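Q: Input my_file04.txt, format and content: compact mmCIF, C-alpha atoms.
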```
# COMPACT_ATOMS: atom_id res chain seq x y z
CA MET A 1 25.63 -38.11 38.13
CA ILE A 2 22.95 -36.27 36.20
CA THR A 3 23.88 -32.71 35.46
CA GLN A 4 21.31 -30.07 34.74
CA GLY A 5 22.03 -30.23 31.01
CA ARG A 6 21.62 -34.02 30.94
CA PHE A 7 18.40 -33.68 32.93
CA TRP A 8 16.84 -31.47 30.29
CA TRP A 9 17.98 -33.72 27.48
CA LEU A 10 16.45 -36.73 29.21
CA THR A 11 13.22 -34.81 29.77
CA LEU A 12 13.02 -33.86 26.10
CA LEU A 13 13.78 -37.42 25.08
CA LEU A 14 11.06 -38.83 27.32
CA LEU A 15 8.57 -36.27 26.06
CA GLY A 16 9.50 -36.98 22.46
CA LEU A 17 9.23 -40.77 22.62
CA PRO A 18 5.43 -40.89 22.86
CA ALA A 19 5.19 -38.49 19.91
CA VAL A 20 7.31 -40.81 17.79
CA SER A 21 5.19 -43.76 18.79
CA ARG A 22 2.04 -41.90 17.90
CA ALA A 23 3.42 -41.02 14.48
CA ASP A 24 4.09 -44.72 13.84
CA ASP A 25 0.51 -45.63 14.75
CA GLU A 26 -1.15 -42.91 12.71
CA VAL A 27 -3.46 -43.84 9.86
CA LYS A 28 -3.65 -41.68 6.79
CA VAL A 29 -7.26 -41.19 5.71
CA THR A 30 -8.31 -39.76 2.36
CA VAL A 31 -11.84 -38.56 1.77
CA LEU A 32 -13.32 -37.78 -1.64
CA ALA A 33 -16.36 -35.54 -1.99
CA ILE A 34 -17.99 -36.55 -5.28
CA LEU A 35 -20.98 -34.75 -6.72
CA GLY A 36 -23.47 -36.54 -8.94
CA SER A 37 -25.42 -34.29 -11.28
CA SER A 38 -28.75 -34.81 -12.99
CA VAL A 39 -28.16 -32.09 -15.60
CA ASP A 40 -24.57 -32.73 -16.54
CA ASP A 41 -23.50 -35.87 -18.38
CA LYS A 42 -19.76 -35.58 -18.00
CA VAL A 43 -18.13 -38.26 -15.94
CA CYS A 44 -14.60 -37.63 -14.75
CA PRO A 45 -12.22 -40.52 -15.49
CA LYS A 46 -11.55 -41.09 -11.81
CA CYS A 47 -15.27 -41.43 -11.17
CA ALA A 48 -16.04 -43.76 -14.07
CA PRO A 49 -15.82 -47.07 -12.15
CA ILE A 50 -18.08 -45.91 -9.33
CA ALA A 51 -20.41 -43.92 -11.60
CA ARG A 52 -21.81 -47.12 -13.08
CA GLU A 53 -22.55 -48.57 -9.63
CA ILE A 54 -24.22 -45.38 -8.46
CA GLN A 55 -26.33 -45.11 -11.59
CA LYS A 56 -27.76 -48.53 -10.74
CA ARG A 57 -29.13 -46.99 -7.54
CA ASP A 58 -30.00 -43.56 -8.89
CA PRO A 59 -30.33 -43.50 -12.67
CA SER A 60 -31.10 -39.78 -12.60
CA LEU A 61 -27.46 -39.03 -11.88
CA THR A 62 -25.67 -38.70 -15.19
CA GLY A 63 -22.61 -36.56 -14.44
CA PHE A 64 -19.96 -37.09 -11.82
CA HIS A 65 -16.92 -35.13 -10.70
CA ILE A 66 -14.70 -35.01 -7.64
CA GLU A 67 -15.40 -31.76 -5.80
CA ARG A 68 -12.86 -31.98 -2.98
CA THR A 69 -10.10 -34.30 -1.78
CA THR A 70 -8.87 -34.20 1.82
CA THR A 71 -6.10 -36.18 3.50
CA LYS A 72 -5.37 -36.27 7.20
CA ALA A 73 -3.29 -38.45 9.52
CA ILE A 74 -5.25 -39.70 12.51
CA GLY A 75 -4.00 -41.62 15.51
CA VAL A 76 -5.70 -44.81 16.60
CA GLY A 77 -8.68 -43.95 18.75
CA LYS A 78 -8.68 -40.36 17.50
CA SER A 79 -11.16 -38.59 15.24
CA ALA A 80 -10.89 -35.96 12.55
CA ARG A 81 -13.39 -33.91 10.63
CA PHE A 82 -13.13 -33.88 6.84
CA PRO A 83 -14.80 -31.08 4.87
CA LEU A 84 -17.02 -32.10 1.95
CA VAL A 85 -19.25 -29.53 0.28
CA ASP A 86 -21.16 -26.53 1.57
CA SER A 87 -20.79 -26.81 5.34
CA GLU A 88 -21.10 -30.58 5.38
CA ASP A 89 -18.36 -32.82 6.66
CA VAL A 90 -17.69 -36.38 7.69
CA VAL A 91 -16.16 -37.37 11.00
CA VAL A 92 -13.74 -40.31 10.79
CA THR A 93 -12.51 -42.22 13.82
CA ILE A 94 -9.73 -44.80 13.65
CA GLU A 95 -10.84 -47.82 15.65
CA ALA A 96 -7.83 -50.02 14.88
CA SER A 97 -4.78 -49.80 12.67
CA LEU A 98 -3.84 -52.33 10.03
CA ASP A 99 -4.59 -55.89 11.08
CA ASN A 100 -2.99 -59.08 9.84
CA GLN A 101 -5.65 -59.33 7.12
CA GLY A 102 -4.67 -55.96 5.70
CA LYS A 103 -7.74 -54.13 6.94
CA ILE A 104 -8.18 -50.95 8.93
CA SER A 105 -11.18 -50.42 11.19
CA LEU A 106 -13.00 -47.08 10.97
CA THR A 107 -16.12 -45.38 12.20
CA ILE A 108 -17.57 -42.76 9.88
CA GLU A 109 -20.39 -40.27 10.36
CA PRO A 110 -21.35 -38.99 6.90
CA PRO A 111 -24.01 -36.33 6.33
CA THR A 112 -27.60 -37.60 6.61
CA LEU A 113 -26.42 -40.98 7.95
CA GLY A 114 -25.77 -42.42 11.38
CA ALA A 115 -22.43 -43.75 12.45
CA ILE A 116 -21.08 -46.78 10.56
CA THR A 117 -18.26 -48.92 11.86
CA TYR A 118 -16.52 -51.15 9.35
CA SER A 119 -13.21 -52.68 8.36
CA CYS A 120 -11.90 -52.08 4.87
CA ARG A 121 -8.85 -53.27 3.04
CA CYS A 122 -6.21 -50.58 3.12
CA GLY A 123 -5.92 -48.37 0.06
CA LYS A 124 -9.49 -49.09 -1.08
CA PHE A 125 -12.28 -46.50 -1.16
CA LEU A 126 -15.71 -47.27 0.29
CA PRO A 127 -18.41 -45.23 -1.49
CA VAL A 128 -21.29 -43.77 0.49
CA LEU A 129 -24.25 -42.34 -1.39
CA THR A 130 -25.69 -39.71 0.93
CA ARG A 131 -29.04 -37.98 0.88
CA HIS A 132 -27.43 -34.55 0.89
CA ARG A 133 -28.06 -32.36 -2.15
CA THR A 134 -26.29 -29.11 -2.92
CA ALA A 135 -28.12 -25.92 -3.86
CA ALA A 136 -27.55 -26.87 -7.50
CA GLY A 137 -29.27 -30.21 -6.94
CA ASP A 138 -26.14 -32.34 -7.08
CA ARG A 139 -26.09 -35.37 -4.83
CA LEU A 140 -23.16 -35.92 -2.52
CA ILE A 141 -21.19 -39.16 -2.68
CA VAL A 142 -18.40 -39.71 -0.16
CA GLY A 143 -15.43 -42.00 -0.75
CA ILE A 144 -13.27 -42.96 2.24
CA MET A 145 -9.91 -44.74 2.16
CA ALA A 146 -7.32 -45.52 4.86
CA GLU A 147 -3.67 -46.50 4.61
CA PRO A 148 -0.76 -47.38 4.97
CA CYS A 149 -0.88 -50.98 3.82
CA LEU A 150 2.45 -52.07 5.28
CA LEU A 151 2.53 -53.72 8.64
CA LYS A 152 5.07 -52.21 11.00
CA GLN A 153 8.06 -54.49 11.32
CA PRO A 154 8.42 -55.94 14.81
CA GLU A 155 11.35 -54.52 16.68
CA LYS A 156 14.23 -56.92 17.22
CA MET B 1 69.19 39.74 76.52
CA ASN B 2 70.71 40.94 73.24
CA ALA B 3 72.30 39.24 70.24
CA GLY B 4 75.44 38.62 72.24
CA ASP B 5 73.37 37.02 74.94
CA GLU B 6 72.09 34.42 72.37
CA ARG B 7 75.67 33.29 71.98
CA TRP B 8 75.92 32.97 75.79
CA LEU B 9 72.71 30.82 75.64
CA GLU B 10 74.55 28.36 73.44
CA TYR B 11 77.39 28.36 75.95
CA LEU B 12 74.85 27.79 78.71
CA ALA B 13 73.41 24.79 76.86
CA ALA B 14 76.89 23.36 76.33
CA TYR B 15 77.77 24.10 79.95
CA ALA B 16 74.58 22.34 81.12
CA ASP B 17 75.44 19.31 78.98
CA GLY B 18 79.06 19.29 80.32
CA GLU B 19 80.55 19.74 76.87
CA LEU B 20 82.82 22.74 77.68
CA ASP B 21 86.44 22.58 78.68
CA ALA B 22 87.46 23.95 82.04
CA ALA B 23 88.57 27.42 80.84
CA THR B 24 85.38 28.04 78.92
CA ALA B 25 83.28 26.65 81.73
CA ALA B 26 85.05 29.16 84.12
CA ARG B 27 84.22 32.01 81.78
CA VAL B 28 80.52 30.88 81.70
CA GLU B 29 80.44 30.73 85.49
CA GLY B 30 81.90 34.32 85.61
CA TRP B 31 79.25 35.49 83.20
CA LEU B 32 76.50 33.86 85.28
CA ALA B 33 77.80 35.73 88.30
CA ILE B 34 77.04 39.06 86.70
CA HIS B 35 73.85 37.73 85.00
CA PRO B 36 71.95 35.93 87.79
CA ASP B 37 68.66 36.05 85.78
CA ALA B 38 70.19 33.46 83.44
CA LEU B 39 70.31 30.89 86.21
CA ASP B 40 66.68 29.88 85.52
CA ILE B 41 67.61 29.22 81.88
CA LEU B 42 70.55 27.17 83.02
CA ARG B 43 68.36 25.07 85.32
CA SER B 44 65.82 24.32 82.58
CA GLN B 45 68.61 23.37 80.19
CA GLU B 46 70.12 21.11 82.77
CA ALA B 47 66.67 19.44 83.15
CA PHE B 48 66.78 18.37 79.45
CA SER B 49 70.45 17.57 79.47
CA PRO B 50 71.59 14.08 78.28
CA ARG B 51 73.02 13.72 81.74
CA GLN B 52 69.38 13.43 82.89
CA LEU B 53 68.67 10.60 80.41
CA ASP B 54 68.67 7.90 83.08
CA PHE B 55 66.15 9.92 85.01
CA ILE B 56 63.98 10.49 81.91
CA GLU B 57 64.05 6.83 81.00
CA ALA B 58 63.18 5.89 84.54
CA ILE B 59 59.89 7.76 84.24
CA GLU B 60 57.07 5.51 82.85
CA PRO B 61 54.49 7.17 80.63
CA PRO B 62 50.88 6.93 81.80
CA ALA B 63 49.33 3.58 80.62
CA PRO B 64 45.73 3.63 79.14
CA ASN B 65 43.14 1.73 81.13
CA ALA B 66 40.38 -0.57 79.75
CA ASP B 67 37.97 2.31 79.13
CA ASP B 68 40.63 4.19 77.18
CA TRP B 69 41.26 1.14 74.98
CA GLU B 70 37.48 0.59 74.34
CA GLU B 71 37.02 4.24 73.35
CA CYS B 72 39.99 3.96 71.03
CA ARG B 73 38.64 0.75 69.45
CA GLN B 74 35.24 2.35 68.75
CA ARG B 75 36.85 5.38 67.12
CA ILE B 76 38.95 3.17 64.87
CA ALA B 77 35.93 1.01 63.93
CA ALA B 78 33.82 4.05 63.06
CA ALA B 79 36.58 5.42 60.85
CA VAL B 80 37.65 2.21 59.12
CA LEU B 81 34.87 -0.40 58.99
CA HIS B 82 31.99 -0.46 56.43
CA PRO B 83 28.67 0.80 57.85
CA THR B 84 27.12 -2.68 57.41
CA MET B 85 29.82 -4.09 59.73
CA LEU B 86 29.01 -1.71 62.48
CA PRO B 87 26.60 -2.66 65.21
CA PRO B 88 23.00 -1.98 64.15
CA ALA B 89 21.83 1.51 64.76
CA PRO B 90 18.77 1.95 66.90
CA PRO B 91 15.57 1.94 64.78
CA PRO B 92 14.29 5.35 63.76
CA LEU B 93 11.13 6.65 65.19
CA PRO B 94 8.10 5.68 63.05
CA SER B 95 6.95 8.36 60.67
CA ALA B 96 3.95 8.30 58.34
CA HIS B 97 5.66 10.67 55.94
CA SER B 98 9.13 9.24 55.71
CA PRO B 99 11.17 11.01 53.00
CA VAL B 100 12.57 7.63 51.89
CA SER B 101 9.07 6.27 51.21
CA TRP B 102 8.17 9.30 49.13
CA ARG B 103 11.37 8.91 47.12
CA THR B 104 10.63 5.24 46.47
CA LEU B 105 7.05 5.98 45.46
CA GLY B 106 8.16 8.79 43.20
CA GLY B 107 10.71 6.51 41.53
CA CYS B 108 8.12 3.85 40.86
CA VAL B 109 5.72 6.37 39.34
CA ALA B 110 8.47 7.76 37.15
CA MET B 111 9.47 4.28 35.94
CA LEU B 112 5.84 3.40 35.17
CA ALA B 113 5.34 6.62 33.26
CA ALA B 114 8.51 6.00 31.27
CA ALA B 115 7.41 2.45 30.40
CA ILE B 116 4.01 3.66 29.19
CA LEU B 117 5.65 6.42 27.17
CA VAL B 118 8.03 3.97 25.50
CA ALA B 119 5.23 1.52 24.73
CA VAL B 120 2.94 4.16 23.22
CA ALA B 121 5.29 6.58 21.58
CA TRP B 122 8.04 4.23 20.42
CA PRO B 123 8.37 4.70 16.68
CA THR B 124 7.31 1.76 14.59
CA ILE B 125 10.40 0.65 12.77
CA PRO B 126 9.55 -1.10 9.55
CA PRO B 127 11.17 -4.52 9.23
CA ALA B 128 14.16 -4.76 7.05
CA LEU B 129 13.41 -5.93 3.57
CA GLU B 130 14.34 -9.54 3.14
CA ILE B 131 14.37 -11.70 0.10
CA PRO B 132 11.44 -14.08 0.59
CA THR B 133 12.17 -17.76 0.56
CA TYR B 134 9.57 -19.62 -1.40
CA ALA B 135 8.49 -23.10 -0.47
CA VAL B 136 9.24 -25.97 -2.74
CA ALA B 137 7.08 -29.01 -3.34
CA ASP B 138 8.26 -30.99 -0.34
CA ASP B 139 7.76 -28.05 2.03
CA VAL B 140 3.97 -27.94 1.69
CA ASP B 141 1.43 -30.64 2.38
CA ILE B 142 -2.01 -29.55 1.21
CA LEU B 143 -4.52 -31.41 3.33
CA SER B 144 -7.72 -30.44 1.59
CA LEU B 145 -8.34 -29.07 -1.88
CA ARG B 146 -11.15 -28.63 -4.35
CA ASP B 147 -10.26 -30.54 -7.46
CA GLN B 148 -11.04 -27.59 -9.70
CA ASP B 149 -8.41 -25.59 -7.78
CA ALA B 150 -5.68 -28.18 -8.21
CA GLU B 151 -4.37 -26.51 -11.36
CA MET B 152 -3.81 -23.26 -9.46
CA VAL B 153 -1.55 -24.80 -6.87
CA LEU B 154 2.04 -23.85 -7.72
CA VAL B 155 3.88 -25.85 -5.08
CA GLY B 156 3.05 -28.49 -2.58
CA VAL B 157 1.89 -32.06 -2.44
CA THR B 158 -1.82 -32.15 -3.09
CA PRO B 159 -4.10 -34.86 -1.69
CA GLU B 160 -5.17 -35.64 -5.23
CA ILE B 161 -5.66 -39.33 -5.96
CA GLN B 162 -4.44 -40.45 -9.38
CA MET B 163 -7.00 -43.22 -9.80
CA PRO B 164 -9.09 -44.29 -6.82
CA LEU B 165 -9.30 -48.00 -6.11
CA TRP B 166 -12.81 -48.86 -5.06
CA ALA B 167 -13.39 -51.66 -2.62
CA SER B 168 -14.68 -55.00 -3.81
CA SER B 169 -17.08 -57.31 -1.98
CA ASP B 170 -14.49 -59.09 0.11
CA ASP B 171 -12.68 -55.89 1.02
CA VAL B 172 -15.31 -54.57 3.45
CA VAL B 173 -16.85 -55.95 6.61
CA PHE B 174 -19.53 -53.86 8.32
CA ASP B 175 -19.47 -54.12 12.10
CA TRP B 176 -21.99 -51.60 13.35
CA VAL B 177 -24.57 -49.28 11.82
CA GLU B 178 -26.63 -46.62 13.54
CA PRO B 179 -29.80 -45.14 12.08
CA ASP B 180 -29.97 -41.47 11.23
CA PRO B 181 -31.81 -39.10 13.59
CA GLN B 182 -35.09 -39.96 11.85
CA GLY B 183 -34.48 -43.66 12.43
CA HIS B 184 -33.66 -44.54 8.82
CA LEU B 185 -31.00 -47.11 8.07
CA PRO B 186 -28.87 -47.13 4.95
CA VAL B 187 -28.89 -49.89 2.35
CA PHE B 188 -25.75 -51.92 1.90
CA GLN B 189 -25.06 -52.90 -1.64
CA ALA B 190 -22.93 -55.95 -1.94
CA GLY B 191 -22.73 -58.85 -4.31
CA PRO B 192 -20.51 -60.73 -6.70
CA ASN B 193 -21.30 -58.38 -9.57
CA ALA B 194 -21.34 -55.11 -7.66
CA GLY B 195 -18.89 -53.37 -5.41
CA PRO B 196 -19.92 -52.61 -1.84
CA MET B 197 -21.65 -49.32 -1.34
CA VAL B 198 -23.54 -47.62 1.45
CA VAL B 199 -26.68 -46.04 0.06
CA MET B 200 -28.99 -43.71 1.91
CA PRO B 201 -32.24 -43.69 -0.07
CA MET B 202 -33.82 -40.34 -0.76
CA LEU B 203 -36.97 -39.67 1.19
CA VAL B 204 -40.15 -39.91 -0.88
CA GLU B 205 -42.01 -36.61 -0.72
CA ARG B 206 -45.76 -37.05 -0.07
```
Starting from the coordinates I provided, produce the structure as structure tokens.

A:
Amino acid sequence: MITQGRFWWLTLLLLGLPAVSRADDEVKVTVLAILGSSVDDKVCPKCAPIAREIQKRDPSLTGFHIERTTTKAIGVGKSARFPLVDSEDVVVTIEASLDNQGKISLTIEPPTLGAITYSCRCGKFLPVLTRHRTAAGDRLIVGIMAEPCLLKQPEK
Amino acid sequence: MNAGDERWLEYLAAYADGELDAATAARVEGWLAIHPDALDILRSQEAFSPRQLDFIEAIEPPAPNADDWEECRQRIAAAVLHPTMLPPAPPPLPSAHSPVSWRTLGGCVAMLAAAILVAVAWPTIPPALEIPTYAVADDVDILSLRDQDAEMVLVGVTPEIQMPLWASSDDVVFDWVEPDPQGHLPVFQAGPNAGPMVVMPMLVER
């Protein structure tokens, strides 16, 4: 016999189960907003590896620093907006969580670009050199990374 | 009849009840002979004498009929029962200005006025001073932060990346690319000696 108290507990449990499942399927996305400068020659240590690659494309950029870092958890099939600089942002949509090859599928919509759908190994940043320039003339580079890298253990 | 006569009244009552001996009874009869007006008293006393008990008991008191019992029942019900248990009273004649309605309306207006007065004029009581509880590192997750502000954050887990790992050529597979609103497509840099990168070339000003 289900008493009124048990009824409410069951209701709460049933409402809470989907939330737990969603939390398990969420993907943590980190977005870096990097600014490349033509007047500054300082390169932040975190930017050094990518600075060389970007300079191959745009030799005028001599200084690099990370302007903003944003992290959000997004459910599969859901989107989130990540602030960058000025009023610019990038919309990230999780297409699929970690596959058996260790990759996560995303769709991104960076400033001045159309939507790009790709799969990237978890924990690795994909750099995107945008056309957006700040008022100071710095060029915006966006780095996007998704994790976790551990596959969820199958339930026994 | 004087005070001495009152004593003779007692003798008359005893004589009527047959409680006197023969000598005393003869004296009472002699007294009655010279006081004939006392004979009426004697007769009335004899009417209530215990010797008339059989006659009194033979008389049946008047029994109430059905109407008497119904009237009695209604009087008892009106005096004892709760008003809600009584048969419903006939409905009152309709009146546009019933005093009950005015009382109800007046009560509602008074309650409304009191509620407004309390809401407007209730003194603002300042909250009691409490010792603030400050968050510790695990209590705060900072989702977005300018790197130059990271040093000013006292508590909380910042989204700062210690050393970003950039994807290599075999880490990325592009599935779909849309052009920008002007129809321009980005350039994909990839190769054995260069990490993958999406590059949107700057427009050449003419």

Q: If we count only C-alpha atoms, which residues of chain A reach to within 9 Å of chain B? Please list them as number ranges by chain.

A: A: 30, 32-33, 45-47, 49-50, 53-54, 57, 65-72, 82-83, 103, 107, 112-132, 143, 145

Q: From the list A:Ile104, A:Ala135, A:Val90, A:Ala80, which residue is nearest Ser37 of chain A when using all atoms listed in the file?

A: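 Smallest distance to Ser37 of chain A is found for A:Ala135.
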
Q: Using the file's own x, y and z axes, what box holds all listed atoms of segment 42-56 of chain A with 3 Å on each side, keeping edges along x, y and z, and what are its centre and edge lengths in Å to one decimal, as lines of an AutoDock Vina configuration file?

A:
```
center_x = -19.7
center_y = -42.1
center_z = -13.2
size_x = 22.2
size_y = 19.0
size_z = 15.5
```

Q: I need the residue nearest Gly77 of chain A from this list: A:Leu61, A:Thr93, A:Pro110, A:Asp41. Use all atoms listed in the file for the distance.

A: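 Using all atoms listed in the file, the shortest distance to Gly77 of chain A belongs to A:Thr93.
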
Q: Give the answer as one residue: which of A:Ser87, A:Asn100, A:Thr134, A:Ser79 has the shortest atom-to-atom distance to Val29 of chain A, using all atoms listed in the file?

A: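 Nearest candidate to Val29 of chain A out of A:Ser87, A:Asn100, A:Thr134, A:Ser79: A:Ser79.
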
Q: One decimal, in Å: what's the spacing between atom CA of Glu147 of chain A and atom CA of Glu95 of chain A?

A: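 If I compute the distance from atom CA of Glu147 of chain A to atom CA of Glu95 of chain A, I get 13.2 Å.
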
Q: Work out how far atom CA of Ile116 of chain B is from atom CA of Thr104 of chain B, in Å to one decimal.

A: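 Answer for the atom CA of Thr104 of chain B to atom CA of Ile116 of chain B separation: 18.6 Å.
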
Q: As a list in words, please: the residues near Ala51 of chain A (cut-off 9 Å, all atoms listed in the file, same-chain neighbours under 5 positions excluded).

A: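 Counting only the stated atoms, we get Gly36, Val43, Lys56, Leu61, Thr62, Gly63 and Phe64 of chain A.
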
Q: One decimal, Å: what's the distance from atom CA of Glu26 of chain A over to atom CA of Ile74 of chain A, could you say?

A: 5.2 Å

Q: Tell me, as a PyMOL selection string, which residues lie within 12 Å of Ala16 of chain B, counting all atoms listed in the file; anything in the same chain fewer than 2 positions away does not count.

A: chain B and resi 8-14+18-20+25+28-29+39-52
